[in-house]
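Participant: My structure is stored as work.cif, with mmCIF, C-alpha atoms and all ligand atoms.
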```
data_input
loop_
_atom_site.label_atom_id
_atom_site.label_comp_id
_atom_site.auth_asym_id
_atom_site.auth_seq_id
_atom_site.Cartn_x
_atom_site.Cartn_y
_atom_site.Cartn_z
CA MET A 1 104.17 116.33 114.75
CA LYS A 2 100.68 115.79 116.10
CA ASP A 3 100.26 113.27 118.94
CA THR A 4 99.45 109.89 117.39
CA SER A 5 96.55 109.04 119.66
CA LEU A 6 94.95 112.45 119.07
CA LEU A 7 95.47 112.15 115.32
CA VAL A 8 93.84 108.71 115.20
CA SER A 9 90.90 109.95 117.30
CA GLU A 10 90.36 112.85 114.91
CA LEU A 11 90.49 110.57 111.87
CA VAL A 12 88.04 108.14 113.47
CA ALA A 13 85.72 111.07 114.20
CA ARG A 14 85.98 112.09 110.53
CA TYR A 15 85.72 108.68 108.82
CA GLY A 16 83.84 106.59 111.41
CA ASN A 17 84.87 103.47 113.28
CA LYS A 18 83.67 100.83 110.81
CA ARG A 19 86.01 98.41 109.09
CA GLU A 20 85.66 100.29 105.77
CA SER A 21 87.11 103.37 107.48
CA LEU A 22 90.42 101.57 107.90
CA LEU A 23 91.99 102.66 104.62
CA PRO A 24 91.13 106.38 104.83
CA ILE A 25 92.33 106.42 108.43
CA LEU A 26 95.63 104.77 107.47
CA GLN A 27 95.99 107.24 104.62
CA GLY A 28 95.30 110.14 107.01
CA VAL A 29 97.96 108.91 109.44
CA PHE A 30 100.45 108.45 106.62
CA ASP A 31 99.76 111.91 105.19
CA GLU A 32 100.39 113.55 108.55
CA GLN A 33 103.28 111.46 109.88
CA ARG A 34 104.79 110.11 106.62
CA TYR A 35 104.48 106.53 107.95
CA VAL A 36 102.17 104.33 109.96
CA SER A 37 103.88 103.56 113.28
CA ASP A 38 103.23 100.55 115.51
CA GLU A 39 101.60 102.93 117.97
CA ALA A 40 99.22 104.22 115.29
CA MET A 41 98.31 100.69 114.22
CA VAL A 42 97.47 99.68 117.80
CA GLU A 43 95.37 102.83 118.28
CA ILE A 44 93.48 102.26 115.04
CA ALA A 45 92.83 98.61 115.94
CA ARG A 46 91.48 99.68 119.31
CA HIS A 47 89.11 102.27 117.82
CA LEU A 48 87.83 99.98 115.07
CA ASP A 49 87.71 96.95 117.35
CA ILE A 50 89.76 94.80 114.97
CA SER A 51 93.10 93.08 115.41
CA SER A 52 96.40 94.91 115.04
CA ALA A 53 97.36 92.17 112.58
CA GLU A 54 94.52 93.21 110.29
CA VAL A 55 95.64 96.85 110.46
CA TYR A 56 99.23 95.79 109.79
CA GLY A 57 98.11 93.65 106.85
CA LYS A 58 96.37 96.59 105.24
CA ALA A 59 99.17 99.05 106.02
CA THR A 60 101.76 96.82 104.36
CA PHE A 61 99.58 95.82 101.39
CA TYR A 62 99.26 99.22 99.75
CA HIS A 63 102.35 100.68 98.15
CA PHE A 64 101.29 104.25 98.98
CA LEU A 65 101.40 103.48 102.71
CA SER A 66 104.53 102.68 104.67
CA THR A 67 105.31 101.32 108.11
CA LYS A 68 108.79 102.87 107.90
CA PRO A 69 109.27 106.65 108.14
CA LEU A 70 109.41 108.21 104.66
CA GLY A 71 110.41 111.65 103.46
CA LYS A 72 108.04 114.51 102.72
CA TYR A 73 108.52 113.75 99.02
CA VAL A 74 108.48 110.10 98.04
CA ILE A 75 110.04 109.51 94.63
CA ARG A 76 108.96 106.22 93.08
CA VAL A 77 110.84 105.20 89.96
CA CYS A 78 109.14 102.70 87.66
CA LYS A 79 111.20 99.53 87.53
CA THR A 80 109.06 97.68 84.98
CA ILE A 81 110.35 96.53 81.60
CA VAL A 82 109.64 99.49 79.29
CA CYS A 83 111.17 102.02 81.68
CA ASP A 84 113.98 99.59 82.31
CA MET A 85 114.77 99.46 78.58
CA LYS A 86 114.47 103.24 78.31
CA ASN A 87 117.35 104.10 80.59
CA LYS A 88 115.78 103.78 84.00
CA LYS A 89 119.31 103.03 85.28
CA GLU A 90 120.52 106.49 84.32
CA ILE A 91 117.52 108.09 86.03
CA VAL A 92 118.18 106.13 89.21
CA ALA A 93 121.90 107.03 89.16
CA THR A 94 121.02 110.72 88.73
CA LEU A 95 118.56 110.64 91.64
CA GLU A 96 121.00 108.80 93.89
CA ASN A 97 123.76 111.30 93.07
CA LEU A 98 121.58 114.33 93.58
CA LEU A 99 120.07 113.16 96.86
CA LYS A 100 123.18 111.30 98.14
CA ILE A 101 121.11 108.26 99.10
CA LYS A 102 120.51 104.83 97.56
CA MET A 103 117.19 103.44 96.38
CA GLY A 104 115.13 102.39 99.41
CA GLU A 105 116.63 105.13 101.60
CA THR A 106 115.45 108.47 103.01
CA THR A 107 117.55 111.63 103.29
CA ASN A 108 118.64 112.62 106.82
CA ASN A 109 116.47 115.73 106.70
CA ARG A 110 113.46 113.48 105.92
CA LYS A 111 112.70 115.48 102.78
CA PHE A 112 113.11 112.73 100.14
CA SER A 113 112.72 108.96 99.91
CA LEU A 114 113.70 106.93 96.88
CA LEU A 115 111.70 103.81 96.07
CA TYR A 116 110.94 101.58 93.13
CA THR A 117 107.43 100.96 91.91
CA ASN A 118 105.78 98.79 89.29
CA CYS A 119 104.44 100.08 85.97
CA LEU A 120 102.72 103.44 86.36
CA GLY A 121 100.75 103.08 83.14
CA TRP A 122 102.90 105.65 81.30
CA CYS A 123 104.99 103.16 79.31
CA HIS A 124 104.42 105.13 76.10
CA LYS A 125 106.24 108.02 77.77
CA ALA A 126 108.91 106.02 79.61
CA PRO A 127 110.92 106.39 81.71
CA ALA A 128 108.50 107.58 84.36
CA MET A 129 108.47 108.33 88.07
CA LEU A 130 106.10 109.66 90.71
CA VAL A 131 106.81 112.34 93.28
CA ASN A 132 104.04 111.74 95.81
CA ASP A 133 100.96 111.84 93.51
CA GLU A 134 102.56 113.76 90.63
CA VAL A 135 103.68 111.80 87.55
CA TYR A 136 106.78 112.79 85.57
CA THR A 137 107.47 111.17 82.22
CA GLU A 138 110.01 111.07 79.38
CA LEU A 139 112.68 111.61 81.99
CA THR A 140 116.24 112.56 81.21
CA PRO A 141 119.01 113.30 83.73
CA ASP A 142 118.52 117.04 83.07
CA LYS A 143 114.79 116.83 83.59
CA VAL A 144 115.31 114.88 86.83
CA ARG A 145 117.78 117.52 88.04
CA ASP A 146 115.17 120.27 87.44
CA ILE A 147 112.42 118.30 89.17
CA VAL A 148 114.55 117.56 92.25
CA THR A 149 115.71 121.20 92.45
CA MET A 150 112.08 122.33 92.34
CA TYR A 151 111.15 120.04 95.26
CA LYS A 152 114.31 120.97 97.20
CA ASN A 153 113.22 124.60 97.03
CA LYS A 154 109.62 123.96 98.06
S1 LIG A 201 106.93 100.26 82.35
FE1 LIG A 201 107.31 102.15 83.33
S2 LIG A 201 105.41 103.18 83.19
FE2 LIG A 201 105.02 101.23 82.34
#
```
Would you write the structure of this file as structure tokens?
Ligand code: FES
Facilitator:
Amino acid sequence: MKDTSLLVSELVARYGNKRESLLPILQGVFDEQRYVSDEAMVEIARHLDISSAEVYGKATFYHFLSTKPLGKYVIRVCKTIVCDMKNKKEIVATLENLLKIKMGETTNNRKFSLLYTNCLGWCHKAPAMLVNDEVYTELTPDKVRDIVTMYKNK
């Protein structure tokens, strides 16, 4: 993994050191390291001349960022009402069985994390989940098995 201080310097060089650069820089750190560490937050604050608390506030506000290490593939299962009524439970049980982790956890090899998310806007094709930025809909246990196998082999 790239040195955090070097990574932040590169991102600041790319996006600038203004306050509005904060989000793309956080995103860049997350993409590279799969989380935003305390060290990264302090470095970003220093470069942008803002408080670490402000950086922390932003890093914890957006669901696509995380201050805890996440896997390469972050699976977010919609927990909102339509998906809930359309067998979300079965989808979650299938994922937990396949990956041998519970919701909120990351596999030991740091390949997968399982999280809940709010409505993804695909209620008409529920149940739905995201794997990083990719949306998967009308899920069934079989479909979930195929999707996970595909990512396991990537
Ligand atoms: S309720 Fe799940 S996508 Fe809307």
Participant: Report as a Markdown table: every residue of chain A with an atom at most 12 Å from ligand LIG 201 (chain A), its closest pair of atoms, and their distance in Å to one decimal, counting only C-alpha atoms and all ligand atoms, with rows sorted by chain and ascending residue number.
Facilitator:
```
| residue | atom | partner | partner_atom | distance |
| --- | --- | --- | --- | --- |
| A:Arg76 | CA | A:LIG201 | FE1 | 10.7 |
| A:Val77 | CA | A:LIG201 | FE1 | 8.1 |
| A:Cys78 | CA | A:LIG201 | FE1 | 4.7 |
| A:Lys79 | CA | A:LIG201 | FE1 | 6.3 |
| A:Thr80 | CA | A:LIG201 | S1 | 4.3 |
| A:Ile81 | CA | A:LIG201 | S1 | 5.1 |
| A:Val82 | CA | A:LIG201 | S1 | 4.2 |
| A:Cys83 | CA | A:LIG201 | FE1 | 4.2 |
| A:Asp84 | CA | A:LIG201 | S1 | 7.1 |
| A:Met85 | CA | A:LIG201 | S1 | 8.7 |
| A:Lys86 | CA | A:LIG201 | FE1 | 8.8 |
| A:Asn87 | CA | A:LIG201 | FE1 | 10.6 |
| A:Lys88 | CA | A:LIG201 | FE1 | 8.7 |
| A:Tyr116 | CA | A:LIG201 | FE1 | 10.5 |
| A:Thr117 | CA | A:LIG201 | FE1 | 8.7 |
| A:Asn118 | CA | A:LIG201 | FE1 | 7.0 |
| A:Cys119 | CA | A:LIG201 | FE2 | 3.9 |
| A:Leu120 | CA | A:LIG201 | S2 | 4.2 |
| A:Gly121 | CA | A:LIG201 | S2 | 4.7 |
| A:Trp122 | CA | A:LIG201 | S2 | 4.0 |
| A:Cys123 | CA | A:LIG201 | FE2 | 3.6 |
| A:His124 | CA | A:LIG201 | FE2 | 7.4 |
| A:Lys125 | CA | A:LIG201 | S2 | 7.3 |
| A:Ala126 | CA | A:LIG201 | FE1 | 5.6 |
| A:Pro127 | CA | A:LIG201 | FE1 | 5.8 |
| A:Ala128 | CA | A:LIG201 | S2 | 5.5 |
| A:Met129 | CA | A:LIG201 | S2 | 7.7 |
| A:Leu130 | CA | A:LIG201 | S2 | 10.0 |
| A:Val135 | CA | A:LIG201 | S2 | 9.8 |
| A:Tyr136 | CA | A:LIG201 | S2 | 10.0 |
| A:Thr137 | CA | A:LIG201 | S2 | 8.3 |
| A:Glu138 | CA | A:LIG201 | S2 | 9.9 |
| A:Leu139 | CA | A:LIG201 | FE1 | 11.0 |
```
Participant: For the selection just defined, write its residues with C-alpha atoms to a file, as a CSV table (one decimal), in the frame of the given file.
Facilitator:
```csv
chain,number,residue,atom,x,y,z
A,76,ARG,CA,109.0,106.2,93.1
A,77,VAL,CA,110.8,105.2,90.0
A,78,CYS,CA,109.1,102.7,87.7
A,79,LYS,CA,111.2,99.5,87.5
A,80,THR,CA,109.1,97.7,85.0
A,81,ILE,CA,110.4,96.5,81.6
A,82,VAL,CA,109.6,99.5,79.3
A,83,CYS,CA,111.2,102.0,81.7
A,84,ASP,CA,114.0,99.6,82.3
A,85,MET,CA,114.8,99.5,78.6
A,86,LYS,CA,114.5,103.2,78.3
A,87,ASN,CA,117.4,104.1,80.6
A,88,LYS,CA,115.8,103.8,84.0
A,116,TYR,CA,110.9,101.6,93.1
A,117,THR,CA,107.4,101.0,91.9
A,118,ASN,CA,105.8,98.8,89.3
A,119,CYS,CA,104.4,100.1,86.0
A,120,LEU,CA,102.7,103.4,86.4
A,121,GLY,CA,100.8,103.1,83.1
A,122,TRP,CA,102.9,105.6,81.3
A,123,CYS,CA,105.0,103.2,79.3
A,124,HIS,CA,104.4,105.1,76.1
A,125,LYS,CA,106.2,108.0,77.8
A,126,ALA,CA,108.9,106.0,79.6
A,127,PRO,CA,110.9,106.4,81.7
A,128,ALA,CA,108.5,107.6,84.4
A,129,MET,CA,108.5,108.3,88.1
A,130,LEU,CA,106.1,109.7,90.7
A,135,VAL,CA,103.7,111.8,87.6
A,136,TYR,CA,106.8,112.8,85.6
A,137,THR,CA,107.5,111.2,82.2
A,138,GLU,CA,110.0,111.1,79.4
A,139,LEU,CA,112.7,111.6,82.0
```
Participant: Give me, as a list of chain:residue names, all polymer residues having an atom no more than 9 Å from Pro69 of chain A, counting all atoms listed in the file and skipping those fewer than 2 positions away in the same chain.
Facilitator: A:Gln33, A:Arg34, A:Tyr35, A:Val36, A:Ser37, A:Ser66, A:Thr67, A:Gly71, A:Thr106, A:Arg110
Participant: Within 9 Å of Tyr73 of chain A, counting only C-alpha atoms, which residues qualify if same-chain residues fewer than 2 places away don't, as a ChimeraX atom specification?
Facilitator: /A:70-71,75,110-114,131-132,151
Participant: Have a look at A:Leu115, A:Ile44, A:Ile91, A:Met103 and name the one nearest to Pro141 of chain A; count all atoms listed in the file.
Facilitator: A:Ile91
Participant: From the options A:Met1, A:Asp146, A:Lys89, A:Gln27, which residue's atoms come nearest to His63 of chain A, counting all atoms listed in the file?
Facilitator: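 Selected residue with least distance to His63 of chain A: A:Gln27.
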Participant: Restricting the calculation to all atoms listed in the file, which member of A:Leu22, A:Leu99, A:Val144, A:Leu7 is positioned closest to Ser51 of chain A?
Facilitator: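 The closest residue to Ser51 of chain A is A:Leu22.
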Participant: Atom CA of Ser9 of chain A and atom CA of Leu23 of chain A are how many Å apart?
Facilitator: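 These atoms are spaced 14.7 Å apart.
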Participant: Hey, could you pull the box centre and edge lengths for segment 109-123 of chain A, axis-aligned, 4 Å padding per side, all listed atoms, to one decimal in Å, as AutoDock Vina command-line options?
Facilitator:
```
--center_x 108.6 --center_y 107.3 --center_z 93.0 --size_x 23.7 --size_y 24.9 --size_z 35.4
```
Participant: Here is a test: counting all atoms listed in the file, which residue of A:Asp3, A:Asp133, A:Asp38, A:Asp49 is nearest to Ser21 of chain A?
Facilitator: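 Comparing A:Asp3, A:Asp133, A:Asp38, A:Asp49 against Ser21 of chain A, the winner is A:Asp49.
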Participant: Distance cut-off 8 Å, centre (97.3, 101.3, 108.9) in file coordinates, counting all atoms listed in the file: which residues qualify? Return them as a list in words.
Facilitator: Leu22, Leu23, Ile25, Leu26, Gln27, Val29, Val36, Ala40, Met41, Ile44, Val55, Tyr56, Gly57, Lys58, Ala59, Thr60 and Leu65 of chain A
Participant: Quick one: distance from atom CA of Asn109 of chain A to atom CA of Lys72 of chain A in Å, one decimal?
Facilitator: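 Taking atom CA of Asn109 of chain A as the start and atom CA of Lys72 of chain A as the end point, the length is 9.4 Å.
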Participant: Please, what distance in Å, to one decimal, runs between atom CA of Val12 of chain A and atom CA of Val74 of chain A?
Facilitator: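 Value for the atom CA of Val12 of chain A-atom CA of Val74 of chain A distance: 25.7 Å.
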Participant: Using all atoms listed in the file, pick whichever of A:Glu20, A:Asp142, A:Glu10, A:Glu43 has the shortest atom-to-atom distance to Leu98 of chain A.
Facilitator: A:Asp142
Participant: Which is closest to Leu95 of chain A among A:Lys154, A:Lys143, A:Arg46, A:Lys2, if we use all atoms listed in the file?
Facilitator: A:Lys143
